[in-house]
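Below: target-v4.cif (mmCIF, C-alpha atoms and all ligand atoms)
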data_protein
#
loop_
_atom_site.label_atom_id
_atom_site.label_comp_id
_atom_site.auth_asym_id
_atom_site.auth_seq_id
_atom_site.Cartn_x
_atom_site.Cartn_y
_atom_site.Cartn_z
CA MET A 1 -117.21 -178.74 56.66
CA ASN A 2 -117.94 -176.39 59.53
CA ALA A 3 -118.66 -172.71 59.01
CA ALA A 4 -115.09 -171.60 59.76
CA ASP A 5 -113.60 -174.02 57.19
CA LEU A 6 -116.22 -173.03 54.62
CA LEU A 7 -115.38 -169.38 55.20
CA GLN A 8 -111.69 -170.05 54.69
CA THR A 9 -112.43 -171.86 51.41
CA ILE A 10 -114.59 -168.95 50.28
CA ARG A 11 -111.86 -166.43 51.07
CA GLU A 12 -109.19 -168.48 49.32
CA ASN A 13 -111.24 -168.85 46.13
CA GLY A 14 -112.61 -165.32 46.04
CA PRO A 15 -116.24 -164.68 47.01
CA PRO A 16 -118.98 -163.80 44.52
CA ARG A 17 -119.44 -160.02 44.28
CA HIS A 18 -123.24 -160.14 44.34
CA VAL A 19 -125.49 -162.74 45.99
CA ALA A 20 -129.27 -162.58 45.45
CA ILE A 21 -131.76 -164.59 47.51
CA ILE A 22 -135.41 -165.53 47.02
CA MET A 23 -136.41 -166.09 50.65
CA ASP A 24 -139.13 -168.73 50.46
CA GLY A 25 -140.86 -171.13 52.83
CA ASN A 26 -141.94 -168.97 55.76
CA GLY A 27 -145.54 -170.13 55.42
CA ARG A 28 -144.64 -173.83 55.32
CA TRP A 29 -142.27 -173.40 58.26
CA ALA A 30 -145.16 -171.96 60.32
CA ARG A 31 -147.67 -174.55 59.11
CA GLY A 32 -145.32 -177.34 60.16
CA ARG A 33 -145.50 -175.95 63.69
CA ASN A 34 -149.24 -175.21 63.67
CA LEU A 35 -148.50 -171.52 63.89
CA PRO A 36 -150.03 -168.64 61.89
CA ARG A 37 -148.13 -167.71 58.70
CA ALA A 38 -147.10 -164.37 60.23
CA PHE A 39 -144.95 -166.30 62.74
CA GLY A 40 -143.03 -167.77 59.84
CA HIS A 41 -142.33 -164.33 58.42
CA ARG A 42 -141.24 -163.11 61.84
CA SER A 43 -138.83 -166.04 62.19
CA GLY A 44 -137.58 -165.19 58.71
CA MET A 45 -136.14 -161.95 60.11
CA ARG A 46 -133.55 -163.94 62.05
CA ALA A 47 -132.40 -165.58 58.83
CA VAL A 48 -132.08 -162.14 57.23
CA ARG A 49 -129.69 -161.18 60.05
CA GLU A 50 -127.74 -164.40 59.50
CA VAL A 51 -127.20 -163.77 55.79
CA VAL A 52 -126.33 -160.11 56.28
CA GLU A 53 -123.63 -161.07 58.79
CA GLY A 54 -122.58 -164.06 56.67
CA THR A 55 -122.15 -162.06 53.47
CA ILE A 56 -120.09 -159.45 55.35
CA ALA A 57 -117.85 -162.19 56.76
CA ALA A 58 -117.48 -163.73 53.30
CA GLY A 59 -116.51 -160.42 51.69
CA VAL A 60 -119.52 -160.22 49.36
CA GLU A 61 -120.13 -156.68 48.05
CA VAL A 62 -123.86 -156.76 47.30
CA LEU A 63 -126.69 -158.77 48.89
CA SER A 64 -130.11 -158.61 47.23
CA LEU A 65 -133.11 -159.98 49.13
CA PHE A 66 -136.58 -160.49 47.64
CA ALA A 67 -138.72 -159.45 50.62
CA PHE A 68 -142.08 -158.65 49.01
CA SER A 69 -143.12 -159.12 45.41
CA GLN A 70 -145.71 -157.20 43.43
CA GLU A 71 -147.67 -160.44 43.30
CA ASN A 72 -147.61 -160.61 47.12
CA TRP A 73 -150.12 -157.72 47.20
CA GLN A 74 -152.69 -160.35 46.17
CA ARG A 75 -152.28 -162.25 49.44
CA PRO A 76 -155.03 -161.88 52.09
CA ALA A 77 -155.14 -158.33 53.49
CA SER A 78 -154.22 -159.62 56.94
CA GLU A 79 -150.99 -161.20 55.66
CA VAL A 80 -150.05 -158.11 53.62
CA LYS A 81 -150.57 -156.03 56.77
CA ALA A 82 -148.46 -158.45 58.83
CA LEU A 83 -145.63 -158.27 56.28
CA MET A 84 -145.72 -154.48 56.17
CA THR A 85 -145.71 -154.29 59.98
CA LEU A 86 -142.78 -156.66 59.99
CA LEU A 87 -140.89 -154.53 57.51
CA GLN A 88 -141.39 -151.50 59.74
CA GLU A 89 -140.31 -153.54 62.73
CA TYR A 90 -137.26 -154.84 60.88
CA ILE A 91 -136.23 -151.28 60.05
CA ALA A 92 -136.76 -150.10 63.65
CA ARG A 93 -134.98 -153.06 65.20
CA GLU A 94 -132.09 -153.55 62.80
CA SER A 95 -131.28 -149.97 61.84
CA ASP A 96 -128.57 -149.47 64.50
CA ALA A 97 -126.95 -152.86 63.87
CA LEU A 98 -126.97 -152.42 60.08
CA HIS A 99 -125.45 -148.98 60.40
CA ALA A 100 -122.82 -150.18 62.90
CA GLN A 101 -121.84 -153.02 60.55
CA GLY A 102 -121.28 -150.58 57.69
CA VAL A 103 -124.25 -151.77 55.62
CA ARG A 104 -125.64 -149.43 52.99
CA VAL A 105 -129.34 -150.27 52.65
CA ARG A 106 -131.45 -149.57 49.61
CA MET A 107 -135.09 -150.42 49.02
CA LEU A 108 -135.96 -151.20 45.45
CA GLY A 109 -139.46 -151.53 43.99
CA ASP A 110 -142.71 -149.70 43.37
CA PHE A 111 -143.14 -147.65 46.51
CA SER A 112 -146.33 -145.94 45.33
CA ARG A 113 -148.36 -148.72 46.98
CA LEU A 114 -146.59 -148.61 50.34
CA ALA A 115 -148.35 -146.99 53.30
CA PRO A 116 -146.72 -143.58 53.99
CA PRO A 117 -145.28 -144.57 57.41
CA VAL A 118 -143.62 -147.67 55.91
CA ALA A 119 -142.20 -145.67 52.99
CA ALA A 120 -140.98 -142.96 55.40
CA ALA A 121 -139.24 -145.51 57.65
CA ALA A 122 -137.61 -147.07 54.57
CA ASP A 123 -136.43 -143.67 53.30
CA GLN A 124 -134.94 -142.88 56.71
CA LEU A 125 -132.93 -146.09 56.85
CA VAL A 126 -131.70 -145.58 53.30
CA ALA A 127 -130.63 -142.00 54.08
CA ARG A 128 -129.00 -142.97 57.38
CA THR A 129 -126.85 -145.69 55.85
CA ALA A 130 -126.09 -143.97 52.52
CA GLY A 131 -122.44 -143.34 53.43
CA ASN A 132 -121.61 -146.96 54.39
CA ASP A 133 -119.51 -149.15 52.13
CA ARG A 134 -118.93 -152.56 53.73
CA LEU A 135 -121.96 -154.31 52.21
CA ARG A 136 -124.69 -153.05 49.93
CA LEU A 137 -128.02 -154.53 51.00
CA ASN A 138 -130.77 -154.27 48.38
CA LEU A 139 -134.18 -155.02 49.85
CA PHE A 140 -136.70 -155.61 47.08
CA ILE A 141 -140.14 -154.52 48.25
CA SER A 142 -143.21 -154.38 46.00
CA TYR A 143 -140.89 -155.51 43.23
CA GLY A 144 -141.49 -157.42 40.03
CA SER A 145 -138.86 -157.83 37.34
CA ARG A 146 -141.26 -157.47 34.41
CA ALA A 147 -142.67 -154.26 35.90
CA GLU A 148 -139.09 -153.00 36.32
CA LEU A 149 -138.44 -153.66 32.61
CA VAL A 150 -141.70 -151.92 31.65
CA ARG A 151 -140.62 -148.94 33.75
CA ALA A 152 -137.28 -148.83 31.90
CA ALA A 153 -139.08 -149.03 28.53
CA VAL A 154 -141.37 -146.13 29.48
CA GLN A 155 -138.37 -144.04 30.55
CA LEU A 156 -136.62 -144.73 27.25
CA ALA A 157 -139.79 -143.89 25.28
CA ARG A 158 -140.09 -140.56 27.10
CA GLU A 159 -136.46 -139.71 26.41
CA VAL A 160 -136.92 -140.49 22.70
CA ARG A 161 -140.14 -138.46 22.60
CA ASP A 162 -138.38 -135.50 24.21
CA GLY A 163 -135.50 -135.69 21.74
CA ARG A 164 -132.92 -136.63 24.41
CA LEU A 165 -132.24 -140.08 22.95
CA ALA A 166 -132.23 -141.57 19.45
CA PRO A 167 -133.90 -144.99 18.97
CA GLU A 168 -130.58 -146.31 17.59
CA GLU A 169 -128.96 -145.50 20.93
CA ILE A 170 -131.15 -148.04 22.73
CA ASP A 171 -128.91 -151.00 23.46
CA GLU A 172 -128.43 -153.41 26.38
CA GLU A 173 -126.46 -150.80 28.29
CA ALA A 174 -129.29 -148.26 27.87
CA ILE A 175 -131.78 -150.71 29.42
CA ARG A 176 -129.38 -151.82 32.18
CA ALA A 177 -128.81 -148.20 33.17
CA ARG A 178 -132.55 -147.69 33.75
CA LEU A 179 -133.10 -150.64 36.07
CA TYR A 180 -133.31 -150.20 39.86
CA THR A 181 -129.98 -152.00 40.06
CA ALA A 182 -128.19 -149.67 37.61
CA ASP A 183 -125.20 -149.15 39.90
CA CYS A 184 -124.79 -152.81 40.96
CA PRO A 185 -122.87 -155.61 39.31
CA ASP A 186 -125.16 -158.44 38.11
CA PRO A 187 -125.80 -161.20 40.65
CA ASP A 188 -123.24 -164.00 40.41
CA LEU A 189 -125.21 -166.38 42.60
CA LEU A 190 -129.00 -166.63 42.94
CA ILE A 191 -130.21 -168.73 45.87
CA ARG A 192 -133.80 -169.86 46.39
CA THR A 193 -134.84 -171.62 49.56
CA SER A 194 -137.62 -174.12 50.31
CA GLY A 195 -136.98 -176.47 47.41
CA GLU A 196 -138.91 -174.51 44.77
CA GLN A 197 -137.24 -174.39 41.37
CA ARG A 198 -138.49 -171.04 40.07
CA ILE A 199 -137.18 -167.51 39.52
CA SER A 200 -140.62 -165.98 40.25
CA ASN A 201 -140.12 -162.67 38.43
CA PHE A 202 -136.95 -161.72 40.37
CA LEU A 203 -134.07 -159.98 38.55
CA LEU A 204 -134.86 -161.61 35.18
CA TRP A 205 -132.54 -159.32 33.25
CA GLN A 206 -129.79 -159.08 35.86
CA ALA A 207 -129.61 -162.83 36.60
CA ALA A 208 -129.07 -163.79 32.94
CA TYR A 209 -125.75 -165.48 33.82
CA ALA A 210 -126.22 -166.03 37.56
CA GLU A 211 -125.46 -169.46 38.93
CA LEU A 212 -128.63 -170.91 40.47
CA TYR A 213 -128.60 -172.68 43.83
CA MET A 214 -131.83 -174.21 45.06
CA SER A 215 -131.75 -175.09 48.77
CA PRO A 216 -134.34 -177.41 50.34
CA VAL A 217 -134.11 -175.48 53.63
CA LEU A 218 -137.13 -173.35 54.58
CA TRP A 219 -136.15 -169.69 54.91
CA PRO A 220 -136.54 -169.35 58.73
CA ASP A 221 -134.09 -172.27 59.13
CA PHE A 222 -131.50 -170.83 56.72
CA THR A 223 -128.24 -170.07 58.53
CA ARG A 224 -124.85 -168.69 57.59
CA GLN A 225 -123.66 -172.31 57.31
CA HIS A 226 -126.21 -172.81 54.50
CA LEU A 227 -125.13 -169.55 52.90
CA PHE A 228 -121.46 -170.57 53.00
CA GLU A 229 -122.32 -174.01 51.52
CA ALA A 230 -124.12 -172.26 48.65
CA ILE A 231 -121.13 -169.99 48.01
CA VAL A 232 -118.65 -172.89 48.08
CA ALA A 233 -120.89 -174.81 45.62
CA TYR A 234 -120.91 -171.69 43.41
CA GLN A 235 -117.12 -171.59 43.50
CA THR A 236 -116.93 -175.09 41.98
CA ARG A 237 -119.04 -174.06 38.97
CA ASP A 238 -117.51 -173.42 35.57
CA ARG A 239 -118.93 -170.04 34.52
CA ARG A 240 -118.64 -169.73 30.77
CA PHE A 241 -121.02 -166.86 29.93
CA GLY A 242 -121.89 -168.60 26.65
CA ARG A 243 -118.24 -169.22 25.74
CA VAL A 244 -116.23 -172.44 25.89
CA SER A 245 -114.13 -173.34 28.93
CA ALA A 246 -110.77 -171.64 29.33
C1 LIG A 301 -141.89 -166.25 51.25
O1 LIG A 301 -142.46 -167.22 52.09
C2 LIG A 301 -141.49 -165.07 52.01
C3 LIG A 301 -142.10 -163.85 51.92
C4 LIG A 301 -143.25 -163.58 51.05
C5 LIG A 301 -141.68 -162.70 52.74
C6 LIG A 301 -140.23 -162.58 53.07
C7 LIG A 301 -140.09 -161.86 54.36
C8 LIG A 301 -139.20 -162.13 55.33
C9 LIG A 301 -138.13 -163.10 55.19
C10 LIG A 301 -139.24 -161.48 56.67
C11 LIG A 301 -138.98 -160.04 56.74
C12 LIG A 301 -137.75 -159.60 56.11
C13 LIG A 301 -137.48 -158.32 55.95
C14 LIG A 301 -136.25 -157.90 55.26
C15 LIG A 301 -138.40 -157.31 56.46
P1 LIG A 301 -143.92 -167.74 51.76
O2 LIG A 301 -144.89 -166.99 52.59
O3 LIG A 301 -144.16 -167.66 50.29
O4 LIG A 301 -143.81 -169.24 52.23
P2 LIG A 301 -144.60 -170.49 51.66
O5 LIG A 301 -144.21 -170.63 50.22
O6 LIG A 301 -144.12 -171.62 52.52
O7 LIG A 301 -146.06 -170.19 51.85
#

Now that the file is in, can you turn its structure into structure tokens?
Amino acid sequence: MNAADLLQTIRENGPPRHVAIIMDGNGRWARGRNLPRAFGHRSGMRAVREVVEGTIAAGVEVLSLFAFSQENWQRPASEVKALMTLLQEYIARESDALHAQGVRVRMLGDFSRLAPPVAAAADQLVARTAGNDRLRLNLFISYGSRAELVRAAVQLAREVRDGRLAPEEIDEEAIRARLYTADCPDPDLLIRTSGEQRISNFLLWQAAYAELYMSPVLWPDFTRQHLFEAIVAYQTRDRRFGRVSA
């Protein structure tokens, strides 16, 4: 099916509310072309634009992108620097278009390790787009799901210590409300590119019932056609949430 037909199918069946993507394969894409890894990441920016526009067209409410994990800090300093520069460049280059398209951007993760100019640029984009409501774009930077859960546990412990919360009040809702994604519905569809079959510490709690879609396509080659194919595949799934079929 071409992209227009896929889009029609998606609209007829009702799109997922929240799509999350582990963008993987930039390095292999570059290696296949004898280019430095940073070129792969740069080409990955085009795919980010594709999926932002594609999710808007499909009527998705929330798009979550794993852009930089806590574990990525362990990459060579030159690659970390290239990724941070790219993030700044992405913000500078895409800010107007994101705002014009009605995208509300949020950056989720441990910002204490970000260089001040990168954090400031991120804050500016978040503030500028705060009033938009067409698509919520969550960019996960310096993010790890286990660290997010530890952070929630520490918050709960402090509240108990300060007498603001009783231990018996700690339930799933109490934890959910202390995650970075507290105001988002859980992801319905989790896509990973480049053929890897892992979750890699992304949204472990939130993706408990997400449908997984592993695409063999390397991230820089991922287009809205691939996104639409993933969503149509999702729409054929029988989501039971632990129950039996209706
Ligand atoms: C994984 O590929 C990708 C990343 C670590 C970075 C993702 C960044 C982008 C898509 C570009 C910038 C986007 C924004 C929003 C600023 P990899 O390096 O792990 O690839 P490999 O597994 O082939 O080595």

Q. Which one is closest to ligand LIG 301 (chain A): A:Asn2, A:Asn132, A:Thr193, A:Gln101? Count all atoms listed in the file.
A. A:Thr193

(Q) Just the number, please: distance in Å from CA of Ala207 (chain A) to CA of Ala122 (chain A), one decimal. (A)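 Answer for the CA of Ala207 (chain A) to CA of Ala122 (chain A) separation: 25.2 Å.
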
**Q.** Cut-off 8 Å, only C-alpha atoms and all ligand atoms, neighbours of ligand LIG 301 (chain A) as a ChimeraX atom specification
**A.** /A:22-30,37,40-45,47-48,65-69,72,83-84,86-91,139,194,218-220

Can those selected residues be exported to a file as a CSV table (one decimal), in the frame of the given file so that it contains C-alpha atoms?
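Output file result.csv follows:
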chain,number,residue,atom,x,y,z
A,22,ILE,CA,-135.4,-165.5,47.0
A,23,MET,CA,-136.4,-166.1,50.6
A,24,ASP,CA,-139.1,-168.7,50.5
A,25,GLY,CA,-140.9,-171.1,52.8
A,26,ASN,CA,-141.9,-169.0,55.8
A,27,GLY,CA,-145.5,-170.1,55.4
A,28,ARG,CA,-144.6,-173.8,55.3
A,29,TRP,CA,-142.3,-173.4,58.3
A,30,ALA,CA,-145.2,-172.0,60.3
A,37,ARG,CA,-148.1,-167.7,58.7
A,40,GLY,CA,-143.0,-167.8,59.8
A,41,HIS,CA,-142.3,-164.3,58.4
A,42,ARG,CA,-141.2,-163.1,61.8
A,43,SER,CA,-138.8,-166.0,62.2
A,44,GLY,CA,-137.6,-165.2,58.7
A,45,MET,CA,-136.1,-162.0,60.1
A,47,ALA,CA,-132.4,-165.6,58.8
A,48,VAL,CA,-132.1,-162.1,57.2
A,65,LEU,CA,-133.1,-160.0,49.1
A,66,PHE,CA,-136.6,-160.5,47.6
A,67,ALA,CA,-138.7,-159.4,50.6
A,68,PHE,CA,-142.1,-158.6,49.0
A,69,SER,CA,-143.1,-159.1,45.4
A,72,ASN,CA,-147.6,-160.6,47.1
A,83,LEU,CA,-145.6,-158.3,56.3
A,84,MET,CA,-145.7,-154.5,56.2
A,86,LEU,CA,-142.8,-156.7,60.0
A,87,LEU,CA,-140.9,-154.5,57.5
A,88,GLN,CA,-141.4,-151.5,59.7
A,89,GLU,CA,-140.3,-153.5,62.7
A,90,TYR,CA,-137.3,-154.8,60.9
A,91,ILE,CA,-136.2,-151.3,60.0
A,139,LEU,CA,-134.2,-155.0,49.8
A,194,SER,CA,-137.6,-174.1,50.3
A,218,LEU,CA,-137.1,-173.4,54.6
A,219,TRP,CA,-136.2,-169.7,54.9
A,220,PRO,CA,-136.5,-169.4,58.7

Q. At what distance in Å, to one decimal, does CA of Ala115 (chain A) lie from CA of Phe140 (chain A)?
A. 15.8 Å

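We find CA of Trp73 (chain A) and CA of Ala147 (chain A) to be spaced 14.0 Å apart.
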
So that I can see what lies close to region 224-232 of chain A, please list as a PDB file with C-alpha atoms, in the coordinates of the input the residues with an atom at most 7 Å from it, counting only C-alpha atoms and leaving out residues fewer than 6 positions away in the same chain.
ATOM      1  CA  ALA A   3    -118.660-172.710  59.010  1.00  0.00           C
ATOM      2  CA  LEU A   6    -116.220-173.030  54.620  1.00  0.00           C
ATOM      3  CA  LEU A   7    -115.380-169.380  55.200  1.00  0.00           C
ATOM      4  CA  ILE A  10    -114.590-168.950  50.280  1.00  0.00           C
ATOM      5  CA  GLU A  50    -127.740-164.400  59.500  1.00  0.00           C
ATOM      6  CA  VAL A  51    -127.200-163.770  55.790  1.00  0.00           C
ATOM      7  CA  GLY A  54    -122.580-164.060  56.670  1.00  0.00           C
ATOM      8  CA  TYR A 213    -128.600-172.680  43.830  1.00  0.00           C
TER       9      TYR A 213
END

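You can rank A:Asn34, A:Gln124, A:Asn138, A:Ser145 by their closest distance to Ile21 (chain A) using only C-alpha atoms, and at the top of that list sits A:Asn138.
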
Q) Which residue, A:Leu114, A:Leu98, A:Leu149, A:Ala120, has the smallest gap to Asn201 (chain A) when you use only C-alpha atoms? A)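 Distance minimum relative to Asn201 (chain A) lands on A:Leu149.
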
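With all atoms listed in the file as the atoms that count, the residue of A:Gly102, A:Gly32, A:Gly59, A:Gly144 with the shortest distance to Ala130 (chain A) is A:Gly102.
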